[in-house]
Amino acid sequence: MPGNFTAALRATNQIDLTVTGRVSKREITNPVWFVQEGSKIYLVPVRGSGSDWFKNVLARPEVRLAAGGESITARAVPITDPAHAQAAVDKFRAKYGAGQIAEYYPKTDVAVEVGLPPSA
């Protein structure tokens, strides 16, 4: 039913991100924090541009996001421009707290934007 994924997002602070390994070609799932803003979801890799899942997104941008038993497949758009990446990190600070982001995200040089399909 349309809107189920969006409803599931409202009930959680963490989602599962599935990417395809750039070398292994296997699906790899990681729990990640996210920020939803309208029809977009922002993700920040914990180790920034050094995160494996970010490198996998660069090679294969189709991802699956899952929350509360609902999932979507969408295209991830890497954000490598420093100003745009920091804007995404600022959204994380607002949602999770500056202390949490400083503690868990030592490198914040990149981010990822995922557009939600209209039926999500």
# chains A, B, ... in the order shown; residues from 1 in each chain; ligands from 1

$ closest_atom_pairs --of "stretch 1-79 of chain A" --to "stretch 97-110 of chain A" --cutoff "6 Å" --atoms "only C-alpha atoms" --output "CSV"
residue,atom,partner,partner_atom,distance
A:Val46,CA,A:Tyr105,CA,4.7
A:Arg47,CA,A:Lys107,CA,5.3
A:Gly48,CA,A:Lys107,CA,4.9
A:Ser49,CA,A:Val110,CA,5.9
A:Ile79,CA,A:Val110,CA,5.6

$ select_by_dssp --residues "stretch 3-106 of chain A" --states "strand (DSSP E or B)" --output "ChimeraX atom specification"
/A:14-20,27-33,35-37,40-43,47,62-67,70-79

$ write_last_selection --atoms "N, CA and C atoms" --output "tab-separated table (two decimals), in the first residue's frame"
chain	number	residue	atom	x	y	z
A	14	GLN	N	16.55	4.32	12.73
A	14	GLN	CA	17.56	3.55	12.02
A	14	GLN	C	16.89	2.70	10.96
A	15	ILE	N	17.54	2.60	9.81
A	15	ILE	CA	17.02	1.77	8.73
A	15	ILE	C	18.12	0.81	8.27
A	16	ASP	N	17.73	-0.18	7.49
A	16	ASP	CA	18.71	-1.08	6.89
A	16	ASP	C	18.97	-0.63	5.47
A	17	LEU	N	20.24	-0.47	5.15
A	17	LEU	CA	20.69	-0.09	3.81
A	17	LEU	C	21.35	-1.30	3.17
A	18	THR	N	20.85	-1.69	2.00
A	18	THR	CA	21.46	-2.80	1.27
A	18	THR	C	22.07	-2.26	-0.01
A	19	VAL	N	23.36	-2.56	-0.16
A	19	VAL	CA	24.12	-2.16	-1.35
A	19	VAL	C	24.66	-3.42	-2.01
A	20	THR	N	25.13	-3.28	-3.24
A	20	THR	CA	25.78	-4.39	-3.93
A	20	THR	C	27.28	-4.17	-3.87
A	27	GLU	N	24.95	-8.79	-2.17
A	27	GLU	CA	24.22	-7.78	-1.40
A	27	GLU	C	24.77	-7.73	0.02
A	28	ILE	N	24.96	-6.51	0.50
A	28	ILE	CA	25.50	-6.27	1.84
A	28	ILE	C	24.55	-5.31	2.55
A	29	THR	N	24.10	-5.69	3.74
A	29	THR	CA	23.14	-4.86	4.48
A	29	THR	C	23.79	-4.34	5.75
A	30	ASN	N	23.58	-3.04	5.99
A	30	ASN	CA	24.09	-2.38	7.20
A	30	ASN	C	22.99	-1.54	7.81
A	31	PRO	N	22.92	-1.50	9.15
A	31	PRO	CA	22.01	-0.56	9.79
A	31	PRO	C	22.63	0.84	9.72
A	32	VAL	N	21.82	1.84	9.38
A	32	VAL	CA	22.33	3.21	9.28
A	32	VAL	C	21.31	4.19	9.85
A	33	TRP	N	21.80	5.30	10.34
A	33	TRP	CA	20.94	6.40	10.72
A	33	TRP	C	20.56	7.15	9.47
A	35	VAL	N	18.12	10.77	7.84
A	35	VAL	CA	17.26	11.94	8.02
A	35	VAL	C	16.35	11.99	6.82
A	36	GLN	N	15.05	12.10	7.07
A	36	GLN	CA	14.09	12.28	5.97
A	36	GLN	C	13.71	13.75	5.93
A	37	GLU	N	13.75	14.29	4.74
A	37	GLU	CA	13.31	15.66	4.52
A	37	GLU	C	12.45	15.66	3.26
A	40	LYS	N	13.03	13.07	0.29
A	40	LYS	CA	14.44	12.66	0.22
A	40	LYS	C	14.90	12.11	1.56
A	41	ILE	N	15.79	11.15	1.47
A	41	ILE	CA	16.43	10.58	2.64
A	41	ILE	C	17.92	10.86	2.52
A	42	TYR	N	18.51	11.31	3.61
A	42	TYR	CA	19.94	11.57	3.64
A	42	TYR	C	20.61	10.54	4.53
A	43	LEU	N	21.76	10.06	4.07
A	43	LEU	CA	22.57	9.09	4.80
A	43	LEU	C	23.98	9.66	4.89
A	47	ARG	N	32.40	6.38	8.37
A	47	ARG	CA	33.80	6.66	8.05
A	47	ARG	C	33.93	7.51	6.78
A	62	GLU	N	22.20	1.73	-7.15
A	62	GLU	CA	20.89	1.21	-6.75
A	62	GLU	C	21.00	0.59	-5.36
A	63	VAL	N	20.13	1.04	-4.44
A	63	VAL	CA	20.15	0.56	-3.06
A	63	VAL	C	18.75	0.12	-2.65
A	64	ARG	N	18.69	-0.63	-1.56
A	64	ARG	CA	17.41	-0.98	-0.96
A	64	ARG	C	17.43	-0.44	0.47
A	65	LEU	N	16.36	0.21	0.84
A	65	LEU	CA	16.19	0.71	2.20
A	65	LEU	C	15.03	-0.03	2.83
A	66	ALA	N	15.19	-0.44	4.09
A	66	ALA	CA	14.14	-1.18	4.78
A	66	ALA	C	13.93	-0.62	6.18
A	67	ALA	N	12.66	-0.57	6.55
A	67	ALA	CA	12.29	-0.10	7.90
A	67	ALA	C	10.94	-0.72	8.26
A	70	GLU	N	8.94	-2.85	5.86
A	70	GLU	CA	8.69	-2.25	4.54
A	70	GLU	C	10.02	-1.94	3.88
A	71	SER	N	10.07	-1.99	2.55
A	71	SER	CA	11.31	-1.66	1.87
A	71	SER	C	11.03	-1.00	0.53
A	72	ILE	N	12.04	-0.29	0.05
A	72	ILE	CA	11.99	0.32	-1.28
A	72	ILE	C	13.35	0.12	-1.94
A	73	THR	N	13.34	0.15	-3.25
A	73	THR	CA	14.57	0.17	-4.03
A	73	THR	C	14.62	1.52	-4.72
A	74	ALA	N	15.78	2.16	-4.65
A	74	ALA	CA	15.90	3.50	-5.20
A	74	ALA	C	17.35	3.74	-5.62
A	75	ARG	N	17.55	4.86	-6.27
A	75	ARG	CA	18.89	5.25	-6.71
A	75	ARG	C	19.49	6.22	-5.69
A	76	ALA	N	20.69	5.91	-5.25
A	76	ALA	CA	21.41	6.76	-4.31
A	76	ALA	C	22.29	7.73	-5.09
A	77	VAL	N	22.30	8.96	-4.64
A	77	VAL	CA	23.12	9.99	-5.29
A	77	VAL	C	24.20	10.42	-4.29
A	78	PRO	N	25.47	10.09	-4.58
A	78	PRO	CA	26.54	10.50	-3.68
A	78	PRO	C	26.66	12.02	-3.64
A	79	ILE	N	26.91	12.54	-2.45
A	79	ILE	CA	27.14	13.98	-2.26
A	79	ILE	C	28.60	14.13	-1.88

$ closest_residue --among "A:Val23, A:Ala7, A:Val44, A:Ala120" --to "A:Ala88" --atoms "only C-alpha atoms"
A:Val44

$ atom_distance --atom1 "atom CA of A:His84" --atom2 "atom CA of A:Asp52"
20.5 Å

$ closest_residue --among "A:Ala111, A:Gly50, A:Lys25, A:Thr12" --to "A:Gln86" --atoms "only C-alpha atoms"
A:Ala111

$ select_by_dssp --residues "chain A" --states "alpha helix (DSSP H)" --output "ChimeraX atom specification"
/A:4-10,52-59,82-96,98-104

$ closest_residue --among "A:Gly69, A:Phe92, A:Ala87, A:Thr80" --to "A:Asn13" --atoms "only C-alpha atoms"
A:Phe92

$ residues_around --residues "A:Asn56" --least-positions-apart "4" --cutoff "6 Å" --atoms "only C-alpha atoms" --output "MDAnalysis selection string"
chainID A and resid 21:22 60

$ decode --residues "stretch 40-89 of chain A" --atoms "N, CA and C atoms" --output "short mmCIF file (atom, residue, chain, number, x, y, z; two decimals), in the first residue's frame"
data_model
loop_
_atom_site.label_atom_id
_atom_site.label_comp_id
_atom_site.auth_asym_id
_atom_site.auth_seq_id
_atom_site.Cartn_x
_atom_site.Cartn_y
_atom_site.Cartn_z
N LYS A 40 13.03 13.07 0.29
CA LYS A 40 14.44 12.66 0.22
C LYS A 40 14.90 12.11 1.56
N ILE A 41 15.79 11.15 1.47
CA ILE A 41 16.43 10.58 2.64
C ILE A 41 17.92 10.86 2.52
N TYR A 42 18.51 11.31 3.61
CA TYR A 42 19.94 11.57 3.64
C TYR A 42 20.61 10.54 4.53
N LEU A 43 21.76 10.06 4.07
CA LEU A 43 22.57 9.09 4.80
C LEU A 43 23.98 9.66 4.89
N VAL A 44 24.63 9.44 6.01
CA VAL A 44 26.01 9.87 6.19
C VAL A 44 26.82 8.64 6.60
N PRO A 45 27.81 8.25 5.80
CA PRO A 45 28.61 7.08 6.18
C PRO A 45 29.50 7.40 7.39
N VAL A 46 29.57 6.48 8.33
CA VAL A 46 30.31 6.69 9.57
C VAL A 46 31.78 7.05 9.30
N ARG A 47 32.40 6.38 8.37
CA ARG A 47 33.80 6.66 8.05
C ARG A 47 33.93 7.51 6.78
N GLY A 48 32.90 8.27 6.50
CA GLY A 48 32.95 9.18 5.35
C GLY A 48 33.27 8.47 4.05
N SER A 49 34.09 9.10 3.23
CA SER A 49 34.42 8.55 1.92
C SER A 49 35.19 7.24 2.01
N GLY A 50 35.69 6.90 3.20
CA GLY A 50 36.38 5.63 3.39
C GLY A 50 35.47 4.46 3.71
N SER A 51 34.18 4.73 3.92
CA SER A 51 33.22 3.66 4.25
C SER A 51 33.00 2.76 3.04
N ASP A 52 33.04 1.46 3.29
CA ASP A 52 32.83 0.51 2.20
C ASP A 52 31.48 0.71 1.53
N TRP A 53 30.42 0.93 2.33
CA TRP A 53 29.11 1.05 1.69
C TRP A 53 29.05 2.27 0.80
N PHE A 54 29.77 3.34 1.15
CA PHE A 54 29.80 4.52 0.29
C PHE A 54 30.53 4.20 -1.02
N LYS A 55 31.63 3.50 -0.93
CA LYS A 55 32.38 3.10 -2.13
C LYS A 55 31.51 2.20 -3.02
N ASN A 56 30.71 1.34 -2.39
CA ASN A 56 29.80 0.48 -3.15
C ASN A 56 28.73 1.30 -3.86
N VAL A 57 28.22 2.34 -3.20
CA VAL A 57 27.22 3.22 -3.83
C VAL A 57 27.83 3.93 -5.04
N LEU A 58 29.08 4.34 -4.93
CA LEU A 58 29.74 4.99 -6.07
C LEU A 58 29.78 4.06 -7.28
N ALA A 59 30.03 2.77 -7.02
CA ALA A 59 30.13 1.80 -8.11
C ALA A 59 28.77 1.34 -8.62
N ARG A 60 27.81 1.18 -7.71
CA ARG A 60 26.48 0.68 -8.04
C ARG A 60 25.45 1.44 -7.21
N PRO A 61 24.87 2.50 -7.78
CA PRO A 61 24.01 3.38 -6.98
C PRO A 61 22.63 2.86 -6.62
N GLU A 62 22.20 1.73 -7.15
CA GLU A 62 20.89 1.21 -6.75
C GLU A 62 21.00 0.59 -5.36
N VAL A 63 20.13 1.04 -4.44
CA VAL A 63 20.15 0.56 -3.06
C VAL A 63 18.75 0.12 -2.65
N ARG A 64 18.69 -0.63 -1.56
CA ARG A 64 17.41 -0.98 -0.96
C ARG A 64 17.43 -0.44 0.47
N LEU A 65 16.36 0.21 0.84
CA LEU A 65 16.19 0.71 2.20
C LEU A 65 15.03 -0.03 2.83
N ALA A 66 15.19 -0.44 4.09
CA ALA A 66 14.14 -1.18 4.78
C ALA A 66 13.93 -0.62 6.18
N ALA A 67 12.66 -0.57 6.55
CA ALA A 67 12.29 -0.10 7.90
C ALA A 67 10.94 -0.72 8.26
N GLY A 68 10.85 -1.24 9.45
CA GLY A 68 9.57 -1.74 9.95
C GLY A 68 8.88 -2.75 9.05
N GLY A 69 9.65 -3.62 8.40
CA GLY A 69 9.06 -4.62 7.53
C GLY A 69 8.71 -4.12 6.14
N GLU A 70 8.94 -2.85 5.86
CA GLU A 70 8.69 -2.25 4.54
C GLU A 70 10.02 -1.94 3.88
N SER A 71 10.07 -1.99 2.55
CA SER A 71 11.31 -1.66 1.87
C SER A 71 11.03 -1.00 0.53
N ILE A 72 12.04 -0.29 0.05
CA ILE A 72 11.99 0.32 -1.28
C ILE A 72 13.35 0.12 -1.94
N THR A 73 13.34 0.15 -3.25
CA THR A 73 14.57 0.17 -4.03
C THR A 73 14.62 1.52 -4.72
N ALA A 74 15.78 2.16 -4.65
CA ALA A 74 15.90 3.50 -5.20
C ALA A 74 17.35 3.74 -5.62
N ARG A 75 17.55 4.86 -6.27
CA ARG A 75 18.89 5.25 -6.71
C ARG A 75 19.49 6.22 -5.69
N ALA A 76 20.69 5.91 -5.25
CA ALA A 76 21.41 6.76 -4.31
C ALA A 76 22.29 7.73 -5.09
N VAL A 77 22.30 8.96 -4.64
CA VAL A 77 23.12 9.99 -5.29
C VAL A 77 24.20 10.42 -4.29
N PRO A 78 25.47 10.09 -4.58
CA PRO A 78 26.54 10.50 -3.68
C PRO A 78 26.66 12.02 -3.64
N ILE A 79 26.91 12.54 -2.45
CA ILE A 79 27.14 13.98 -2.26
C ILE A 79 28.60 14.13 -1.88
N THR A 80 29.40 14.65 -2.79
CA THR A 80 30.83 14.81 -2.52
C THR A 80 31.24 16.28 -2.39
N ASP A 81 30.37 17.19 -2.78
CA ASP A 81 30.64 18.61 -2.60
C ASP A 81 30.67 18.90 -1.10
N PRO A 82 31.77 19.49 -0.59
CA PRO A 82 31.89 19.70 0.86
C PRO A 82 30.73 20.48 1.48
N ALA A 83 30.26 21.52 0.84
CA ALA A 83 29.17 22.32 1.41
C ALA A 83 27.87 21.51 1.48
N HIS A 84 27.58 20.73 0.44
CA HIS A 84 26.36 19.92 0.44
C HIS A 84 26.47 18.77 1.45
N ALA A 85 27.67 18.18 1.56
CA ALA A 85 27.86 17.10 2.54
C ALA A 85 27.67 17.65 3.95
N GLN A 86 28.21 18.83 4.23
CA GLN A 86 28.06 19.42 5.57
C GLN A 86 26.61 19.78 5.86
N ALA A 87 25.86 20.17 4.84
CA ALA A 87 24.43 20.45 5.03
C ALA A 87 23.71 19.18 5.48
N ALA A 88 24.07 18.03 4.90
CA ALA A 88 23.47 16.76 5.32
C ALA A 88 23.89 16.42 6.75
N VAL A 89 25.16 16.63 7.07
CA VAL A 89 25.65 16.36 8.43
C VAL A 89 24.93 17.26 9.43
#
